[in-house]
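Have a look at protein-v2.tsv; it's TSV, C-alpha atoms and all ligand atoms:
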chain	number	residue	atom	x	y	z
A	1	MET	CA	0.00	0.00	0.00
A	2	VAL	CA	1.20	3.51	-0.78
A	3	GLY	CA	-0.06	7.09	-0.51
A	4	GLU	CA	-3.55	7.63	0.94
A	5	ALA	CA	-3.97	3.90	1.53
A	6	ILE	CA	-1.21	3.77	4.17
A	7	ARG	CA	-0.92	7.36	5.34
A	8	GLY	CA	-3.48	6.95	8.13
A	9	ARG	CA	-1.03	4.68	9.95
A	10	PHE	CA	1.39	7.62	10.41
A	11	PRO	CA	-0.18	10.17	12.79
A	12	VAL	CA	2.23	12.97	11.84
A	13	PHE	CA	0.22	13.47	8.64
A	14	ARG	CA	-2.81	14.64	10.65
A	15	ASP	CA	-1.24	18.09	10.94
A	16	LYS	CA	1.93	18.12	8.88
A	17	VAL	CA	3.30	17.62	5.42
A	18	TYR	CA	6.19	15.32	6.28
A	19	VAL	CA	8.92	15.23	3.63
A	20	ASN	CA	11.86	14.45	5.86
A	21	SER	CA	12.38	10.68	5.65
A	22	CYS	CA	16.02	11.39	4.76
A	23	SER	CA	16.41	12.46	8.41
A	24	GLN	CA	13.94	10.07	10.01
A	25	GLY	CA	11.04	8.02	8.73
A	26	ALA	CA	7.62	8.92	10.17
A	27	LEU	CA	6.35	7.04	13.22
A	28	SER	CA	3.65	4.45	12.45
A	29	ASP	CA	1.04	2.77	14.63
A	30	ALA	CA	2.97	-0.49	14.09
A	31	VAL	CA	6.26	0.85	15.47
A	32	ARG	CA	4.50	2.45	18.44
A	33	ALA	CA	2.76	-0.88	19.16
A	34	ALA	CA	6.09	-2.72	18.91
A	35	TYR	CA	7.61	-0.47	21.58
A	36	GLU	CA	4.56	-1.05	23.75
A	37	GLU	CA	4.92	-4.81	23.30
A	38	TYR	CA	8.51	-4.56	24.51
A	39	LEU	CA	7.50	-2.51	27.56
A	40	ASP	CA	4.54	-4.78	28.37
A	41	GLY	CA	6.77	-7.85	28.25
A	42	TRP	CA	9.25	-6.14	30.56
A	43	ASP	CA	6.46	-5.31	33.02
A	44	GLU	CA	4.95	-8.77	32.92
A	45	ASN	CA	7.99	-11.03	32.76
A	46	GLY	CA	11.12	-8.98	33.48
A	47	ALA	CA	14.01	-9.83	31.17
A	48	GLU	CA	12.53	-11.92	28.36
A	49	TRP	CA	15.97	-13.06	27.34
A	50	GLU	CA	14.95	-15.86	25.00
A	51	HIS	CA	12.31	-13.76	23.31
A	52	TRP	CA	14.89	-11.00	22.85
A	53	VAL	CA	17.28	-13.39	21.11
A	54	GLU	CA	14.39	-14.58	18.94
A	55	ARG	CA	13.52	-10.94	18.03
A	56	SER	CA	17.16	-10.29	17.18
A	57	GLU	CA	17.13	-13.26	14.82
A	58	ALA	CA	13.83	-12.03	13.36
A	59	ALA	CA	15.52	-8.70	12.60
A	60	ARG	CA	18.42	-10.53	10.95
A	61	VAL	CA	15.99	-12.43	8.71
A	62	ALA	CA	14.04	-9.25	7.88
A	63	PHE	CA	17.22	-7.39	6.83
A	64	ALA	CA	18.45	-10.43	4.90
A	65	ASP	CA	15.16	-10.69	2.96
A	66	LEU	CA	15.22	-7.01	2.17
A	67	LEU	CA	18.75	-7.20	0.75
A	68	GLY	CA	18.59	-10.60	-0.92
A	69	ALA	CA	21.18	-11.97	1.53
A	70	ALA	CA	21.31	-15.07	3.71
A	71	PRO	CA	20.66	-14.41	7.43
A	72	ASP	CA	24.05	-15.95	8.26
A	73	ASP	CA	25.69	-13.18	6.22
A	74	VAL	CA	23.96	-10.39	8.16
A	75	ALA	CA	25.24	-8.80	11.38
A	76	ILE	CA	23.00	-6.85	13.75
A	77	GLN	CA	24.54	-3.53	14.69
A	78	THR	CA	23.62	-0.42	16.67
A	79	SER	CA	24.78	2.08	14.05
A	80	VAL	CA	26.49	2.27	10.69
A	81	SER	CA	29.49	3.69	12.54
A	82	ALA	CA	29.70	0.59	14.76
A	83	ALA	CA	29.30	-1.69	11.72
A	84	VAL	CA	32.00	0.03	9.68
A	85	SER	CA	34.36	0.21	12.66
A	86	GLY	CA	33.89	-3.53	13.21
A	87	LEU	CA	34.47	-4.29	9.55
A	88	ILE	CA	37.55	-2.12	9.30
A	89	SER	CA	38.99	-3.67	12.46
A	90	ALA	CA	39.23	-6.91	10.44
A	91	LEU	CA	41.34	-5.25	7.71
A	92	GLN	CA	45.08	-4.69	7.67
A	93	PHE	CA	46.65	-1.56	6.26
A	94	ARG	CA	50.25	-2.70	6.34
A	95	GLY	CA	52.40	-3.10	3.25
A	96	GLU	CA	51.48	-2.22	-0.32
A	97	ARG	CA	47.70	-2.52	-0.06
A	98	ASN	CA	46.96	0.24	2.40
A	99	ARG	CA	44.65	2.66	0.59
A	100	ILE	CA	41.02	3.50	1.30
A	101	VAL	CA	39.19	5.23	-1.56
A	102	ILE	CA	36.15	7.32	-0.59
A	103	SER	CA	33.99	9.77	-2.50
A	104	GLU	CA	33.11	13.35	-1.67
A	105	ASN	CA	29.51	12.21	-1.12
A	106	GLU	CA	30.22	9.91	1.82
A	107	PHE	CA	28.50	10.48	5.13
A	108	PRO	CA	30.96	12.00	7.66
A	109	THR	CA	31.21	8.81	9.67
A	110	ILE	CA	32.74	6.98	6.67
A	111	GLY	CA	35.37	9.66	6.13
A	112	GLN	CA	36.18	9.91	9.81
A	113	ILE	CA	36.53	6.14	10.28
A	114	ALA	CA	38.67	5.96	7.12
A	115	HIS	CA	40.97	8.72	8.34
A	116	ALA	CA	41.18	7.10	11.79
A	117	GLN	CA	42.88	4.18	10.00
A	118	GLU	CA	45.80	6.50	9.18
A	119	LEU	CA	46.85	5.65	12.75
A	120	ARG	CA	47.12	2.03	11.53
A	121	GLY	CA	49.05	2.79	8.34
A	122	ALA	CA	46.20	3.54	5.92
A	123	GLU	CA	46.23	6.25	3.27
A	124	VAL	CA	42.88	7.82	2.35
A	125	VAL	CA	42.18	8.91	-1.23
A	126	HIS	CA	39.20	11.21	-1.95
A	127	VAL	CA	37.52	11.05	-5.36
A	128	ASP	CA	34.63	12.65	-7.21
A	129	PRO	CA	31.46	10.56	-6.84
A	130	VAL	CA	31.52	8.98	-10.33
A	131	PRO	CA	32.84	5.61	-11.56
A	132	GLU	CA	35.50	7.24	-13.79
A	133	ALA	CA	37.05	8.98	-10.79
A	134	TYR	CA	36.95	5.78	-8.77
A	135	ALA	CA	38.57	3.95	-11.71
A	136	ALA	CA	41.41	6.46	-11.80
A	137	ALA	CA	42.09	6.04	-8.07
A	138	ILE	CA	41.61	2.29	-7.52
A	139	ASP	CA	44.61	0.07	-8.13
A	140	GLU	CA	46.59	-2.77	-6.54
A	141	ARG	CA	47.31	-0.51	-3.55
A	142	THR	CA	43.60	-0.22	-2.71
A	143	ALA	CA	42.39	-2.22	0.29
A	144	LEU	CA	38.90	-0.73	0.64
A	145	VAL	CA	36.56	1.24	-1.63
A	146	CYS	CA	33.65	3.11	0.00
A	147	SER	CA	30.63	4.35	-1.88
A	148	THR	CA	27.38	5.72	-0.61
A	149	PHE	CA	24.24	4.50	-2.40
A	150	VAL	CA	22.22	7.73	-2.36
A	151	SER	CA	24.12	10.83	-1.27
A	152	TYR	CA	22.75	12.41	1.90
A	153	ARG	CA	23.91	15.82	0.67
A	154	THR	CA	22.98	15.86	-3.02
A	155	GLY	CA	20.43	13.06	-3.52
A	156	ALA	CA	22.57	11.57	-6.33
A	157	LEU	CA	22.36	7.82	-6.82
A	158	HIS	CA	25.82	6.26	-7.08
A	159	ASP	CA	26.48	3.70	-9.79
A	160	VAL	CA	27.58	1.15	-7.20
A	161	ASP	CA	27.48	-1.77	-9.66
A	162	SER	CA	30.12	-0.13	-11.87
A	163	ILE	CA	32.23	0.95	-8.92
A	164	TYR	CA	32.06	-2.60	-7.54
A	165	GLU	CA	33.29	-4.00	-10.86
A	166	ILE	CA	36.32	-1.69	-10.72
A	167	ALA	CA	37.04	-2.68	-7.11
A	168	GLN	CA	36.81	-6.37	-8.02
A	169	GLU	CA	39.19	-5.97	-10.99
A	170	HIS	CA	41.82	-4.74	-8.56
A	171	GLY	CA	41.10	-7.14	-5.69
A	172	ALA	CA	39.84	-4.38	-3.38
A	173	LEU	CA	36.98	-4.81	-0.90
A	174	MET	CA	33.92	-2.63	-1.57
A	175	LEU	CA	31.69	-1.14	1.12
A	176	VAL	CA	28.33	0.41	0.24
A	177	ASP	CA	26.60	2.74	2.69
A	178	GLY	CA	22.98	2.18	1.74
A	179	TYR	CA	21.38	4.22	4.50
A	180	GLN	CA	19.83	6.89	2.27
A	181	GLY	CA	18.20	4.50	-0.16
A	182	ILE	CA	17.45	1.11	1.36
A	183	GLY	CA	13.69	0.79	1.80
A	184	ALA	CA	12.88	3.15	-1.08
A	185	VAL	CA	15.23	1.91	-3.82
A	186	PRO	CA	15.95	-1.81	-4.35
A	187	LEU	CA	19.49	-2.82	-3.43
A	188	ASP	CA	20.79	-6.32	-3.95
A	189	ALA	CA	23.53	-6.78	-1.35
A	190	GLY	CA	25.42	-9.41	-3.37
A	191	LYS	CA	25.60	-7.29	-6.54
A	192	ALA	CA	26.18	-3.88	-4.99
A	193	GLY	CA	29.35	-4.61	-3.06
A	194	ASP	CA	31.18	-6.97	-0.73
A	195	VAL	CA	29.61	-5.33	2.29
A	196	VAL	CA	26.40	-3.29	2.56
A	197	VAL	CA	25.50	-1.28	5.65
A	198	GLY	CA	22.39	0.67	6.56
A	199	GLY	CA	20.00	1.30	9.40
A	200	THR	CA	16.37	1.71	10.39
A	201	VAL	CA	16.10	5.43	11.10
A	202	LYS	CA	15.11	6.58	7.62
A	203	TYR	CA	13.32	4.63	4.87
A	204	LEU	CA	12.99	1.54	7.09
A	205	LEU	CA	10.59	3.50	9.29
A	206	ALA	CA	11.92	2.71	12.75
A	207	SER	CA	14.13	4.54	15.21
A	208	ALA	CA	17.75	5.13	16.13
A	209	GLY	CA	19.97	2.39	17.53
A	210	LEU	CA	19.55	-0.39	14.97
A	211	SER	CA	21.66	-1.03	11.89
A	212	PHE	CA	22.86	-3.96	9.84
A	213	MET	CA	25.79	-5.15	7.83
A	214	ALA	CA	25.35	-7.68	5.01
A	215	LEU	CA	28.42	-9.55	3.74
A	216	ARG	CA	28.86	-11.23	0.38
A	217	PRO	CA	28.58	-15.04	0.76
A	218	GLY	CA	31.88	-16.56	1.88
A	219	LEU	CA	33.45	-13.24	2.89
A	220	VAL	CA	32.94	-13.83	6.59
A	221	ASP	CA	35.61	-16.57	6.53
A	222	GLU	CA	38.19	-13.97	5.48
A	223	LEU	CA	37.36	-11.39	8.16
A	224	VAL	CA	38.32	-11.63	11.82
A	225	PRO	CA	37.29	-8.44	13.62
A	226	VAL	CA	39.29	-7.27	16.62
A	227	GLN	CA	36.44	-4.96	17.59
A	228	THR	CA	34.27	-7.62	19.21
A	229	GLY	CA	32.25	-8.77	22.23
A	230	TRP	CA	30.44	-11.70	23.79
A	231	PHE	CA	27.57	-11.80	21.26
A	232	ALA	CA	30.18	-12.38	18.55
A	233	ASP	CA	31.31	-15.61	20.20
A	234	GLU	CA	30.67	-19.01	18.61
A	235	ASN	CA	28.40	-19.70	21.61
A	236	VAL	CA	27.25	-16.67	23.57
A	237	PHE	CA	26.10	-18.94	26.41
A	238	ASP	CA	29.63	-20.37	26.95
A	239	MET	CA	30.49	-17.34	29.08
A	240	GLN	CA	34.22	-18.05	29.00
A	241	ILE	CA	37.15	-15.64	29.36
A	242	GLU	CA	39.97	-17.86	28.12
A	243	ARG	CA	39.89	-17.35	24.37
A	244	TYR	CA	38.56	-15.48	21.31
A	245	ARG	CA	36.45	-17.73	19.10
A	246	PRO	CA	34.48	-15.62	16.62
A	247	HIS	CA	31.18	-17.04	15.42
A	248	ARG	CA	31.40	-18.85	12.08
A	249	SER	CA	28.71	-16.57	10.56
A	250	ALA	CA	28.38	-12.78	10.29
A	251	ARG	CA	27.30	-12.90	13.94
A	252	ARG	CA	31.05	-12.50	14.62
A	253	PHE	CA	30.40	-8.78	14.09
A	254	ASP	CA	27.45	-8.59	16.51
A	255	ALA	CA	29.55	-7.63	19.59
A	256	GLY	CA	27.46	-6.64	22.65
A	257	THR	CA	23.92	-7.01	24.04
A	258	PRO	CA	21.54	-6.45	21.12
A	259	PRO	CA	19.63	-3.14	21.07
A	260	VAL	CA	16.41	-4.89	22.12
A	261	PRO	CA	13.82	-2.05	22.08
A	262	ASN	CA	15.12	-0.85	18.72
A	263	ILE	CA	14.91	-4.38	17.38
A	264	TYR	CA	11.21	-4.56	18.25
A	265	ALA	CA	10.69	-1.27	16.41
A	266	GLY	CA	12.95	-2.24	13.54
A	267	VAL	CA	11.13	-5.50	12.82
A	268	ALA	CA	7.84	-3.56	12.70
A	269	GLY	CA	9.26	-0.80	10.47
A	270	VAL	CA	10.90	-3.17	8.00
A	271	GLY	CA	7.65	-5.16	8.02
A	272	LEU	CA	5.74	-2.14	6.70
A	273	VAL	CA	8.28	-1.69	3.92
A	274	SER	CA	8.28	-5.38	2.99
A	275	ASP	CA	4.47	-5.60	3.02
A	276	THR	CA	4.34	-2.97	0.30
A	277	GLY	CA	7.54	-4.14	-1.41
A	278	VAL	CA	10.50	-1.95	-2.31
A	279	PRO	CA	9.82	-2.02	-6.10
A	280	ALA	CA	6.29	-0.67	-5.50
A	281	ILE	CA	7.67	1.98	-3.15
A	282	GLN	CA	10.29	2.94	-5.72
A	283	ALA	CA	7.63	3.35	-8.43
A	284	HIS	CA	5.50	5.52	-6.13
A	285	VAL	CA	8.49	7.61	-5.05
A	286	ARG	CA	9.59	8.05	-8.67
A	287	GLY	CA	6.21	9.48	-9.63
A	288	LEU	CA	6.30	11.96	-6.75
A	289	VAL	CA	9.89	12.99	-7.49
A	290	GLU	CA	9.02	13.58	-11.16
A	291	ARG	CA	6.11	15.81	-10.13
A	292	LEU	CA	8.38	17.70	-7.75
A	293	LEU	CA	11.07	18.14	-10.40
A	294	ALA	CA	8.57	19.48	-12.94
A	295	GLY	CA	7.32	22.04	-10.41
A	296	LEU	CA	10.86	23.01	-9.42
A	297	ASP	CA	11.69	23.54	-13.06
A	298	ASP	CA	8.72	25.91	-13.40
A	299	LEU	CA	10.00	27.77	-10.35
A	300	GLY	CA	13.49	28.06	-11.89
A	301	ALA	CA	15.03	26.25	-8.91
A	302	THR	CA	18.50	24.66	-9.07
A	303	LEU	CA	19.24	21.15	-7.83
A	304	ALA	CA	22.42	19.99	-6.09
A	305	ALA	CA	22.38	16.93	-8.40
A	306	PRO	CA	19.88	15.02	-10.51
A	307	PRO	CA	18.12	12.82	-7.94
A	308	GLY	CA	18.15	9.06	-8.43
A	309	GLY	CA	16.11	8.07	-5.41
A	310	PRO	CA	13.72	9.56	-2.87
A	311	LEU	CA	15.83	12.61	-1.95
A	312	VAL	CA	15.75	15.93	-3.81
A	313	CYS	CA	18.28	18.58	-2.74
A	314	ILE	CA	17.36	22.12	-3.79
A	315	ARG	CA	19.86	24.97	-3.70
A	316	SER	CA	18.87	27.73	-1.31
A	317	THR	CA	20.15	31.21	-0.54
A	318	ASP	CA	19.61	30.44	3.16
A	319	ALA	CA	18.69	26.80	3.75
A	320	PRO	CA	18.15	27.00	7.56
A	321	ALA	CA	15.81	30.00	7.07
A	322	LEU	CA	13.91	28.11	4.38
A	323	VAL	CA	13.47	25.08	6.66
A	324	THR	CA	12.12	27.44	9.35
A	325	GLU	CA	9.70	29.10	6.92
A	326	LEU	CA	8.46	25.71	5.77
A	327	ALA	CA	8.01	24.61	9.40
A	328	GLY	CA	5.76	27.67	9.81
A	329	ASP	CA	3.70	26.25	6.94
A	330	ASP	CA	3.54	22.86	8.72
A	331	ILE	CA	5.97	21.32	6.25
A	332	VAL	CA	8.75	19.24	7.83
A	333	ALA	CA	11.95	19.25	5.74
A	334	SER	CA	15.67	19.54	6.48
A	335	GLU	CA	18.85	21.07	5.09
A	336	ARG	CA	22.50	20.22	4.48
A	337	ASP	CA	25.24	22.11	2.67
A	338	SER	CA	23.10	25.11	1.58
A	339	ASN	CA	20.50	22.75	0.15
A	340	LEU	CA	16.92	22.19	1.19
A	341	ARG	CA	16.30	18.44	1.43
A	342	VAL	CA	12.88	17.17	0.43
A	343	SER	CA	12.45	13.42	0.55
A	344	VAL	CA	9.39	11.34	-0.20
A	345	HIS	CA	8.39	7.85	0.79
A	346	LEU	CA	5.53	5.38	0.57
A	347	TYR	CA	3.21	7.57	2.67
A	348	ASN	CA	3.60	10.78	0.66
A	349	THR	CA	1.06	11.93	-1.91
A	350	GLU	CA	0.85	14.30	-4.86
A	351	GLU	CA	-0.88	16.76	-2.50
A	352	ASP	CA	2.26	16.77	-0.31
A	353	VAL	CA	4.40	17.58	-3.35
A	354	ASP	CA	2.02	20.35	-4.42
A	355	ALA	CA	2.03	21.79	-0.90
A	356	VAL	CA	5.85	21.90	-0.94
A	357	LEU	CA	5.88	23.55	-4.37
A	358	ALA	CA	3.30	26.14	-3.33
A	359	ALA	CA	5.35	26.95	-0.21
A	360	LEU	CA	8.55	27.25	-2.24
A	361	ALA	CA	6.78	29.67	-4.59
A	362	ARG	CA	5.79	31.76	-1.54
A	363	HIS	CA	9.38	31.70	-0.24
A	364	ARG	CA	10.94	32.05	-3.69
A	365	ARG	CA	13.57	34.53	-2.46
A	366	LEU	CA	15.12	31.69	-0.40
A	367	VAL	CA	15.35	29.36	-3.42
A	368	ALA	CA	18.60	29.83	-5.36
B	1	LIG	C1	24.36	7.92	4.36
B	1	LIG	C2	24.33	7.81	5.86
B	1	LIG	N1	25.17	6.97	6.48
B	1	LIG	C3	25.17	6.83	7.81
B	1	LIG	C4	24.30	7.55	8.61
B	1	LIG	C5	24.26	7.39	10.09
B	1	LIG	O1	25.27	6.62	10.60
B	1	LIG	P1	25.16	6.06	12.10
B	1	LIG	O2	24.18	4.94	12.07
B	1	LIG	O3	26.52	5.64	12.44
B	1	LIG	O4	24.68	7.19	12.95
B	1	LIG	C6	23.41	8.44	8.00
B	1	LIG	C7	22.49	9.20	8.86
B	1	LIG	O5	22.12	10.24	8.82
B	1	LIG	C8	23.43	8.57	6.61
B	1	LIG	O6	22.61	9.42	5.99
Could you render the structure as structure tokens?
Amino acid sequence: MVGEAIRGRFPVFRDKVYVNSCSQGALSDAVRAAYEEYLDGWDENGAEWEHWVERSEAARVAFADLLGAAPDDVAIQTSVSAAVSGLISALQFRGERNRIVISENEFPTIGQIAHAQELRGAEVVHVDPVPEAYAAAIDERTALVCSTFVSYRTGALHDVDSIYEIAQEHGALMLVDGYQGIGAVPLDAGKAGDVVVGGTVKYLLASAGLSFMALRPGLVDELVPVQTGWFADENVFDMQIERYRPHRSARRFDAGTPPVPNIYAGVAGVGLVSDTGVPAIQAHVRGLVERLLAGLDDLGATLAAPPGGPLVCIRSTDAPALVTELAGDDIVASERDSNLRVSVHLYNTEEDVDAVLAALARHRRLVA
């Protein structure tokens, strides 16, 4: 279900035009109920340890289904930062192959984690966010290639398939940060890269504190993280302190106590996305983005980049002021890098798009 058919499940739409899924997906009745289920269980039974482990495995299966991966290749994480730090802790940056190639469109956490590896011998190379620039930078010295899927700052969709091919030709590992697209644009974990990370805050319609990392089949055998914890053990119930025995599956990246409340919410949020299906969401989103682009063209607005997914970034003369003006019109949007960010999802309608366009016409002086 999309548009009017599902909108009633997201109370924010009673009084607002919500076009800010790039910051956080809207709260649904299902996610609220999932939190209540967690709290009720806590009240009634205390620590429902076994049920929590079961929920954690349910989240793993839900993420795996969404990405076309096997559950054994998916790690449950608390953030993309934790996932990428765990992954990178399994890589060596000694010797010839010590380079990390990242694009100018990466989320700050990717750049900061990459540069932190300079302390371990890595060299970080920044490139323009296009395959040709990646191709010029990737060679036999490249250990890791990082590409976002949809840029959080321009809305551009990266050609991850082509970038992955280049990485493979040179024997480099490829990491895709799918946070800004997964849930609204189909992403096949196996084809997009060796490792795909993302989380539930945005198009997966849940809240902060739950992320995932999907590994290409077989890759887990090559990676031994030194950022670890008891949930990464071959048997979490062994409770031993004598050795390090990472789990044979991607659970070796799981680390500490799972983020239980967020897992309840995450399973519910991903469930809403899967019930509709990402291809159907993508088609709906595409129609709305086309309508928005036509209206922006009429307004003479400039885009940060041609959008390839649910996020449209519009140049502004004063983006924070524009966000404030829109908030006064009951339109929830956000800004980054002098751009207004308008993002649409399964619950948005043509009326939302028209309301945004009408408001931008009223505040035309703030549109560059
Ligand atoms: C592309 C992208 N990556 C990562 C993140 C968040 O990373 P973390 O889960 O570490 O907070 C965001 C959130 O805004 C994002 O847009």
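Proximity ranking of A:Val130, A:Val17, A:Ala58, A:Val80 relative to Phe107 (chain A) places A:Val80 first, based on all atoms listed in the file.
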Pick out the residues sitting within 9 Å of Ser249 (chain A), and hand them over as JSON, numbers by chain; count all atoms listed in the file, and ignore anything fewer than 4 positions along from it in its own chain. {"A": [71, 72, 73, 74, 75, 220, 221, 234, 253]}
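When CA of Ala26 (chain A) is paired with CA of Ala361 (chain A), their separation reads 25.5 Å.
Considering all atoms listed in the file, every residue of the polymer chains approaching ligand LIG 1 (chain B) to 6 Å or closer is listed here: Ser79, Val80, Ser81, Phe107, Tyr152, Asp177, Tyr179 and Gln180 of chain A.
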From the set A:Tyr347, A:Trp230, A:Phe63, A:Tyr134, which residue has the shortest atom-to-atom contact distance to Ser211 (chain A), counting all atoms listed in the file? A:Phe63
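For Val127 (chain A), the non-local neighbours within 7 Å, defined as residues at least 6 positions apart in the same chain or in other chains and counting all atoms listed in the file, are Ile102, Ser103, Glu104, Ala133 and Tyr134 of chain A.
Shortest separation to Leu366 (chain A) among A:Glu132, A:Glu325, A:Asp188, A:Glu106 occurs at residue A:Glu325, atoms counted being all atoms listed in the file.
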Around the point (42.9, 1.1, 2.2) in the file's coordinates, collect all residues with an atom within 9 Å, using only C-alpha atoms, and return them as a CSV table (one decimal) with C-alpha atoms, keeping the file's coordinate frame.
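Result saved to point.csv:
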chain,number,residue,atom,x,y,z
A,91,LEU,CA,41.3,-5.2,7.7
A,92,GLN,CA,45.1,-4.7,7.7
A,93,PHE,CA,46.6,-1.6,6.3
A,97,ARG,CA,47.7,-2.5,-0.1
A,98,ASN,CA,47.0,0.2,2.4
A,99,ARG,CA,44.6,2.7,0.6
A,100,ILE,CA,41.0,3.5,1.3
A,101,VAL,CA,39.2,5.2,-1.6
A,114,ALA,CA,38.7,6.0,7.1
A,117,GLN,CA,42.9,4.2,10.0
A,121,GLY,CA,49.0,2.8,8.3
A,122,ALA,CA,46.2,3.5,5.9
A,123,GLU,CA,46.2,6.2,3.3
A,124,VAL,CA,42.9,7.8,2.4
A,125,VAL,CA,42.2,8.9,-1.2
A,141,ARG,CA,47.3,-0.5,-3.6
A,142,THR,CA,43.6,-0.2,-2.7
A,143,ALA,CA,42.4,-2.2,0.3
A,144,LEU,CA,38.9,-0.7,0.6
A,145,VAL,CA,36.6,1.2,-1.6
A,172,ALA,CA,39.8,-4.4,-3.4
A,173,LEU,CA,37.0,-4.8,-0.9
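The two atoms in question, CA of Pro131 (chain A) and CA of Arg216 (chain A), are spaced 21.0 Å apart.
For the pair CA of His126 (chain A) and CA of Pro186 (chain A), the interatomic distance is 26.8 Å.
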Against region 331-345 of chain A, which residues of region 171-250 of chain A fall within 12 Å? For each one I want the closest pair of atoms and the distance in Å (one decimal), counting all atoms listed in the file, rows by chain and increasing residue number, as a Markdown table.
| residue | atom | partner | partner_atom | distance |
| --- | --- | --- | --- | --- |
| A:Gln180 | CA | A:Ser343 | CA | 10.0 |
| A:Gly181 | CA | A:His345 | CA | 10.4 |
| A:Ile182 | CA | A:His345 | CA | 11.3 |
| A:Gly183 | CA | A:His345 | CA | 8.9 |
| A:Ala184 | CA | A:His345 | CA | 6.8 |
| A:Val185 | CA | A:His345 | CA | 10.2 |
| A:Lys202 | CA | A:His345 | CA | 9.7 |
| A:Tyr203 | CA | A:His345 | CA | 7.2 |
| A:Leu204 | CA | A:His345 | CA | 10.0 |
| A:Leu205 | CA | A:His345 | CA | 9.8 |
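All residues of protein, DNA or RNA that reach within 7 Å of Tyr164 (chain A), judged by all atoms listed in the file and not counting those fewer than 2 positions away in the chain, are A:Val160, A:Asp161, A:Ser162, A:Ile166, A:Ala167, A:Gln168, A:Met174, A:Ala192, A:Gly193.
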Which residues are close to Val61 (chain A), i.e. within 12 Å by only C-alpha atoms, leaving aside same-chain residues fewer than 2 positions away? Reply as a VMD selection string. chain A and resid 54 to 59 63 to 76 212 214 263 266 to 267 270 to 271 274
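If only C-alpha atoms are the atoms counted, then among A:Leu311, A:Ala327, A:Leu296, A:Ala265 the closest residue to Glu37 (chain A) is A:Ala265.
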